[in-house]
Amino acid sequence: MKITIFGSGYVGLVTGACFAEVGNEVLCVDIDQNKINRLKEGDIPIYEPGLEDIVVENSREGRLRFTSDIEEGVQFGLYQFIAVGTPPDEDGSADLRHVLAVAESIGEHMQEYRIVINKSTVPVGTADLVRDKISSVLCARAAAIDFDVVSNPEFLKEGDAVDDFMKPERIVVGVDNPRTKELLRFLYSPFNRSHERFLAMDIRSAELTKYAANSMLATKISFMNEIANISERVGADVEAVRRGIGSDSRIGFSFIYPGVGYGGSCFPKDVQALERTARKYGYDARILQAVEAVNHDQKNSIVAKISDHFGGSLKGRTFAIWGLAFKPNTDDMREAPSRVVIEALWKAGASVRVYDPVAMEEAERIYGKREDLYYAANPEDAVMGSDALVVLTEWMVFRSPDFEMVKRDLKSPVIFDGRNIYSPEFMEQSGFTYYSIGRLPRG
Ligand code: NAD
């Protein structure tokens with residue numbers, strides 16, 4: 001089948017590569033010429049495990065191609081996926097500018113029936129806007145060409161994106177036309193073999209499902225961070241509480257890890273956007289507001305601990321930062337807690353020595369060169385001469401470091417662990433002053 005994907009970011013590129021991997025002909029279109037040039041050279045602009053291999057292989061086989069020619073994209077595929085960004089507007093609502101620009105291009109260039117599939121995360125009602133946009137452009141062209149609009153939100157996780165796409169837990173498709181539903185079922189059949197994962201529903205429910213899923217996960221995180229904050233105040237150990245509640249099968253262990261807050265390109269913007277949608281429809285979404293507020297404070301809470309430890313003044317101090325990406329296995333630093341912490345430390349007059357296994361290039365792109373920022377070559381280099389170590393992403397490589405080295409190379413043996421990856425007892429025995437989340441300081 002011929003498939004066009006607009007947007008070659010995390011979602012579009014993975015979608016395109018995975019559809020090509022199962023034998024389809026895929027054309028990826030992006031307005032970022034530099035990105036397209038790199039992709040044509042087999043240079044993958046993002047870090048995503050397993051992605052490079054399938055992009056290179058399918059490009060070599062001629063099943064996966066890249067272009068910035070929008071018209072060529074519209075002519076190419078029966079299936080026209082929209083996988084462009086939907087960043088927050090000034091008021092937190094989803095900015096649909098890019099989605100509607102693609103819809104307009106499809107209307108301008110389509111010559112025959114097309115299925116327009118919205119994979120971007122978009123508020124309820126966006127399929128109607130896409131349909132209206134295409135219809136009005138066709139009307140201006142005096143062209144009577146049939147098309148369908150489908151909602152097909154994406155649930156892949158950065159860091160596991162290829163696996164998630166190839167073995168999805170569910171394929172949500174919002175569709176109002178039985179024939180198009182069957183075409184979508186057929187398109188996804190290679191990923192739907194072991195058991196039925198294809199969930200067809202009405203379009204508005206599909207659009208809301210994506211926001212509900214991300215908001216539920218963000219709620220679990222903020223809830224657990226709230227329990228961590230209570231634990232610290234009452235002298236309880238949140239890790240014991242986590243095990244105590246997670247073993248209840250109705251609760252489960254996933255997404256109840258306390259930490260320095262959630263980040264990334266999805267949870268923060270999607271919680272906000274759903275809250276704004278609710279407000280637009282006259283509903284005050286209090287849980288979502290609280291989820292957002294707790295997360296905002298959580299990102300700053302570790303800075304308060306650092307400041308308290310150093311007597312309220314951080315001027316002239318240097319901190320080793322382990323972890324910049326918003327979570328392990330990605331180079332994505334969008335809304336990452338590391339950014340809030342680093343910027344707060346700078347504001348307080350401190351310097352940082354940062355290290356991340358894959359996000360160094362991204363950090364340099366964001367922050368460039370500054371006197372108060374040193375890009376370390378490895379974890380040990382970051383620690384060298386720092387006043388304390390701050391752990392912000394739970395990369396495997398940080399889990400069992402050479403603590404003797406850390407103690408030797410820090411000016412004072414102090415660790416602020418924003419992900420609770422170390423044992424407080426072990427830290428104390430090893431001679432560290434150890435701060436974590438939801439557990440009393442030790443040492
Ligand atoms: P991204 O920023 O990585 O990529 C978006 C791409 O779209 C960019 O390369 C941009 O140049 C391109 N683009 C913008 N306008 C265009 C146009 N008119 N024509 C062609 N290309 C255009 O974004 P992403 O992380 O891939 O997210 C895309 C959508 O998927 C968002 O709505 C996001 O919320 C959703 N989503 C993201 C994830 C994730 O983990 N990143 C997961 C599920 C859903």
# chains A, B, ... in the order shown; residues from 1 in each chain; ligands from 1

$ select_by_dssp --residues "range 204-416 of chain A" --states "alpha helix (DSSP H)" --output "PyMOL selection string"
chain A and resi 204-234+238-246+267-280+286-309+337-347+360-367+379-383+403-409

$ residues_around --residues "Asn34 in chain A" --least-positions-apart "4" --cutoff "10 Å" --atoms "only C-alpha atoms" --output "ChimeraX atom specification"
/A:30,38-40,45,68

$ select_by_dssp --residues "range 342-417 of chain A" --states "strand (DSSP E or B)" --output "MDAnalysis selection string"
chainID A and resid 351:355 373:375 388:391 414:417

$ residues_around --residues "Ala83 in chain A" --least-positions-apart "2" --cutoff "9 Å" --atoms "only C-alpha atoms" --output "list in words"
Ile5, Phe6, Gly7, Ser8, Gly9, Tyr10, Val11, Gly12, Leu13, Thr15, Phe81, Gly85, Val99, Ile117, Asn118, Lys119, Ser120 and Thr121 of chain A

$ closest_residue --among "A:Gly312, A:Gly244, A:Gly261, A:Gly323" --to "Leu345 in chain A" --atoms "only C-alpha atoms"
A:Gly312

$ residues_around --residues "range 319-321 of chain A" --least-positions-apart "4" --cutoff "10 Å" --atoms "only C-alpha atoms" --output "JSON list (two decimals) with C-alpha atoms, in the first residue's frame"
[["chain", "number", "residue", "atom", "x", "y", "z"],
["A", 306, "ILE", "CA", 19.88, 21.67, 47.49],
["A", 314, "LEU", "CA", 24.32, 28.54, 46.03],
["A", 338, "SER", "CA", 16.73, 18.81, 34.25],
["A", 341, "VAL", "CA", 16.73, 22.39, 37.91],
["A", 342, "ILE", "CA", 19.70, 23.62, 35.86],
["A", 345, "LEU", "CA", 20.75, 26.61, 39.85],
["A", 350, "ALA", "CA", 25.73, 28.21, 40.64],
["A", 351, "SER", "CA", 27.47, 26.40, 37.78],
["A", 352, "VAL", "CA", 26.76, 22.92, 36.45],
["A", 353, "ARG", "CA", 28.82, 20.10, 35.00],
["A", 354, "VAL", "CA", 26.37, 17.99, 33.04],
["A", 355, "TYR", "CA", 26.44, 14.49, 31.63],
["A", 356, "ASP", "CA", 23.84, 12.39, 29.80],
["A", 373, "LEU", "CA", 27.91, 25.12, 31.96],
["A", 374, "TYR", "CA", 30.46, 22.39, 31.37],
["A", 375, "TYR", "CA", 29.62, 19.48, 29.08],
["A", 376, "ALA", "CA", 31.31, 16.52, 30.73],
["A", 379, "PRO", "CA", 29.85, 10.69, 34.58],
["A", 380, "GLU", "CA", 33.20, 10.84, 36.38],
["A", 381, "ASP", "CA", 34.18, 14.03, 34.58],
["A", 382, "ALA", "CA", 30.92, 15.69, 35.69],
["A", 383, "VAL", "CA", 31.58, 14.87, 39.33],
["A", 384, "MET", "CA", 35.15, 16.20, 39.33],
["A", 385, "GLY", "CA", 35.41, 19.16, 41.75],
["A", 386, "SER", "CA", 31.64, 19.59, 42.11],
["A", 387, "ASP", "CA", 30.03, 20.51, 45.43],
["A", 388, "ALA", "CA", 27.39, 17.79, 45.10],
["A", 389, "LEU", "CA", 25.95, 15.27, 42.64],
["A", 390, "VAL", "CA", 22.37, 15.67, 41.41],
["A", 391, "VAL", "CA", 20.77, 12.69, 39.65],
["A", 392, "LEU", "CA", 17.85, 13.65, 37.40],
["A", 393, "THR", "CA", 17.36, 10.77, 34.91],
["A", 410, "LEU", "CA", 33.23, 15.61, 44.96],
["A", 415, "ILE", "CA", 24.06, 13.30, 46.58],
["A", 416, "PHE", "CA", 20.62, 14.60, 45.63]]

$ atom_distance --atom1 "CA of Arg65 in chain A" --atom2 "CA of Leu27 in chain A"
4.9 Å

$ residues_around --residues "Ala293 in chain A" --least-positions-apart "5" --cutoff "12 Å" --atoms "only C-alpha atoms" --output "list in words"
Ala218, Thr219, Ser222, Phe223, Asn225, Glu226, Gly261, Tyr262, Pro268, Val271, Gln272, Arg286, Ile287, Leu288, Gln298, Lys299 and Asn300 of chain A

$ closest_residue --among "A:Asp32, A:Glu343, A:Glu371, A:Glu48" --to "Asp164 in chain A" --atoms "only C-alpha atoms"
A:Glu48

$ residues_around --residues "range 195-203 of chain A" --least-positions-apart "4" --cutoff "9 Å" --atoms "only C-alpha atoms" --output "list in words"
Val124, Gly125, Ala127, Val149, Val150, Ser151, Asn152, Pro168, Glu169, Arg170, Ile171, Val172, Val173, Gly174, Val175, Asp176, Lys181, Arg185, Tyr188, Ser189, Phe191, Glu207 and Leu208 of chain A

$ write_last_selection --atoms "N, CA, C and O atoms" --output "CSV table (one decimal), in the first residue's frame"
chain,number,residue,atom,x,y,z
A,124,VAL,N,-10.5,17.1,21.0
A,124,VAL,CA,-11.8,16.6,20.4
A,124,VAL,C,-12.3,17.7,19.5
A,124,VAL,O,-12.3,18.9,19.8
A,125,GLY,N,-12.7,17.3,18.3
A,125,GLY,CA,-13.3,18.2,17.4
A,125,GLY,C,-12.4,18.5,16.2
A,125,GLY,O,-12.8,19.2,15.2
A,127,ALA,N,-10.9,16.6,14.0
A,127,ALA,CA,-11.2,15.9,12.8
A,127,ALA,C,-12.2,16.8,12.0
A,127,ALA,O,-12.1,16.9,10.7
A,149,VAL,N,-11.9,11.5,6.9
A,149,VAL,CA,-10.9,11.9,7.9
A,149,VAL,C,-11.1,10.9,9.1
A,149,VAL,O,-12.2,10.6,9.5
A,150,VAL,N,-9.9,10.4,9.5
A,150,VAL,CA,-9.9,9.4,10.6
A,150,VAL,C,-9.1,9.9,11.7
A,150,VAL,O,-8.1,10.6,11.5
A,151,SER,N,-9.4,9.5,13.0
A,151,SER,CA,-8.5,9.8,14.1
A,151,SER,C,-7.8,8.5,14.5
A,151,SER,O,-8.5,7.5,14.7
A,152,ASN,N,-6.5,8.6,14.6
A,152,ASN,CA,-5.7,7.4,14.9
A,152,ASN,C,-4.6,7.8,15.8
A,152,ASN,O,-3.5,7.8,15.5
A,168,PRO,N,1.7,-3.2,19.2
A,168,PRO,CA,0.9,-2.2,20.0
A,168,PRO,C,0.0,-3.0,21.0
A,168,PRO,O,-0.4,-4.1,20.7
A,169,GLU,N,-0.3,-2.3,22.1
A,169,GLU,CA,-1.3,-2.9,23.0
A,169,GLU,C,-2.7,-2.7,22.5
A,169,GLU,O,-3.6,-3.4,22.7
A,170,ARG,N,-2.8,-1.5,21.8
A,170,ARG,CA,-4.1,-1.3,21.1
A,170,ARG,C,-3.9,-0.3,19.9
A,170,ARG,O,-3.0,0.5,20.0
A,171,ILE,N,-4.8,-0.5,19.0
A,171,ILE,CA,-4.7,0.4,17.8
A,171,ILE,C,-6.1,1.1,17.8
A,171,ILE,O,-7.1,0.5,17.5
A,172,VAL,N,-6.1,2.4,18.2
A,172,VAL,CA,-7.4,3.1,18.4
A,172,VAL,C,-7.6,3.8,17.0
A,172,VAL,O,-6.8,4.6,16.6
A,173,VAL,N,-8.8,3.6,16.5
A,173,VAL,CA,-9.2,4.2,15.2
A,173,VAL,C,-10.6,4.8,15.4
A,173,VAL,O,-11.6,4.1,15.6
A,174,GLY,N,-10.7,6.1,15.3
A,174,GLY,CA,-12.0,6.8,15.3
A,174,GLY,C,-12.4,7.0,13.8
A,174,GLY,O,-11.7,7.7,13.1
A,175,VAL,N,-13.5,6.4,13.5
A,175,VAL,CA,-13.9,6.5,12.1
A,175,VAL,C,-15.4,6.4,11.9
A,175,VAL,O,-16.1,5.7,12.8
A,176,ASP,N,-15.9,7.1,11.0
A,176,ASP,CA,-17.4,7.1,10.9
A,176,ASP,C,-17.9,6.5,9.6
A,176,ASP,O,-19.1,6.7,9.2
A,181,LYS,N,-13.2,2.1,7.8
A,181,LYS,CA,-12.8,1.3,8.9
A,181,LYS,C,-12.1,0.0,8.5
A,181,LYS,O,-11.0,-0.3,9.0
A,185,ARG,N,-8.3,-1.2,9.1
A,185,ARG,CA,-8.1,-2.6,9.7
A,185,ARG,C,-7.0,-3.3,8.9
A,185,ARG,O,-6.1,-4.0,9.4
A,188,TYR,N,-3.5,-2.0,9.2
A,188,TYR,CA,-2.8,-2.3,10.5
A,188,TYR,C,-2.8,-3.8,10.7
A,188,TYR,O,-2.2,-4.2,11.8
A,189,SER,N,-3.3,-4.6,9.8
A,189,SER,CA,-3.3,-6.1,10.1
A,189,SER,C,-2.0,-6.7,10.4
A,189,SER,O,-1.9,-7.6,11.2
A,191,PHE,N,0.2,-5.7,12.3
A,191,PHE,CA,0.5,-5.4,13.7
A,191,PHE,C,-0.7,-5.9,14.6
A,191,PHE,O,-0.7,-5.6,15.8
A,207,GLU,N,-10.3,10.7,19.7
A,207,GLU,CA,-9.5,11.9,20.1
A,207,GLU,C,-9.3,12.0,21.6
A,207,GLU,O,-8.3,12.3,22.1
A,208,LEU,N,-10.4,11.8,22.3
A,208,LEU,CA,-10.3,12.0,23.8
A,208,LEU,C,-9.5,10.8,24.4
A,208,LEU,O,-8.9,11.1,25.4
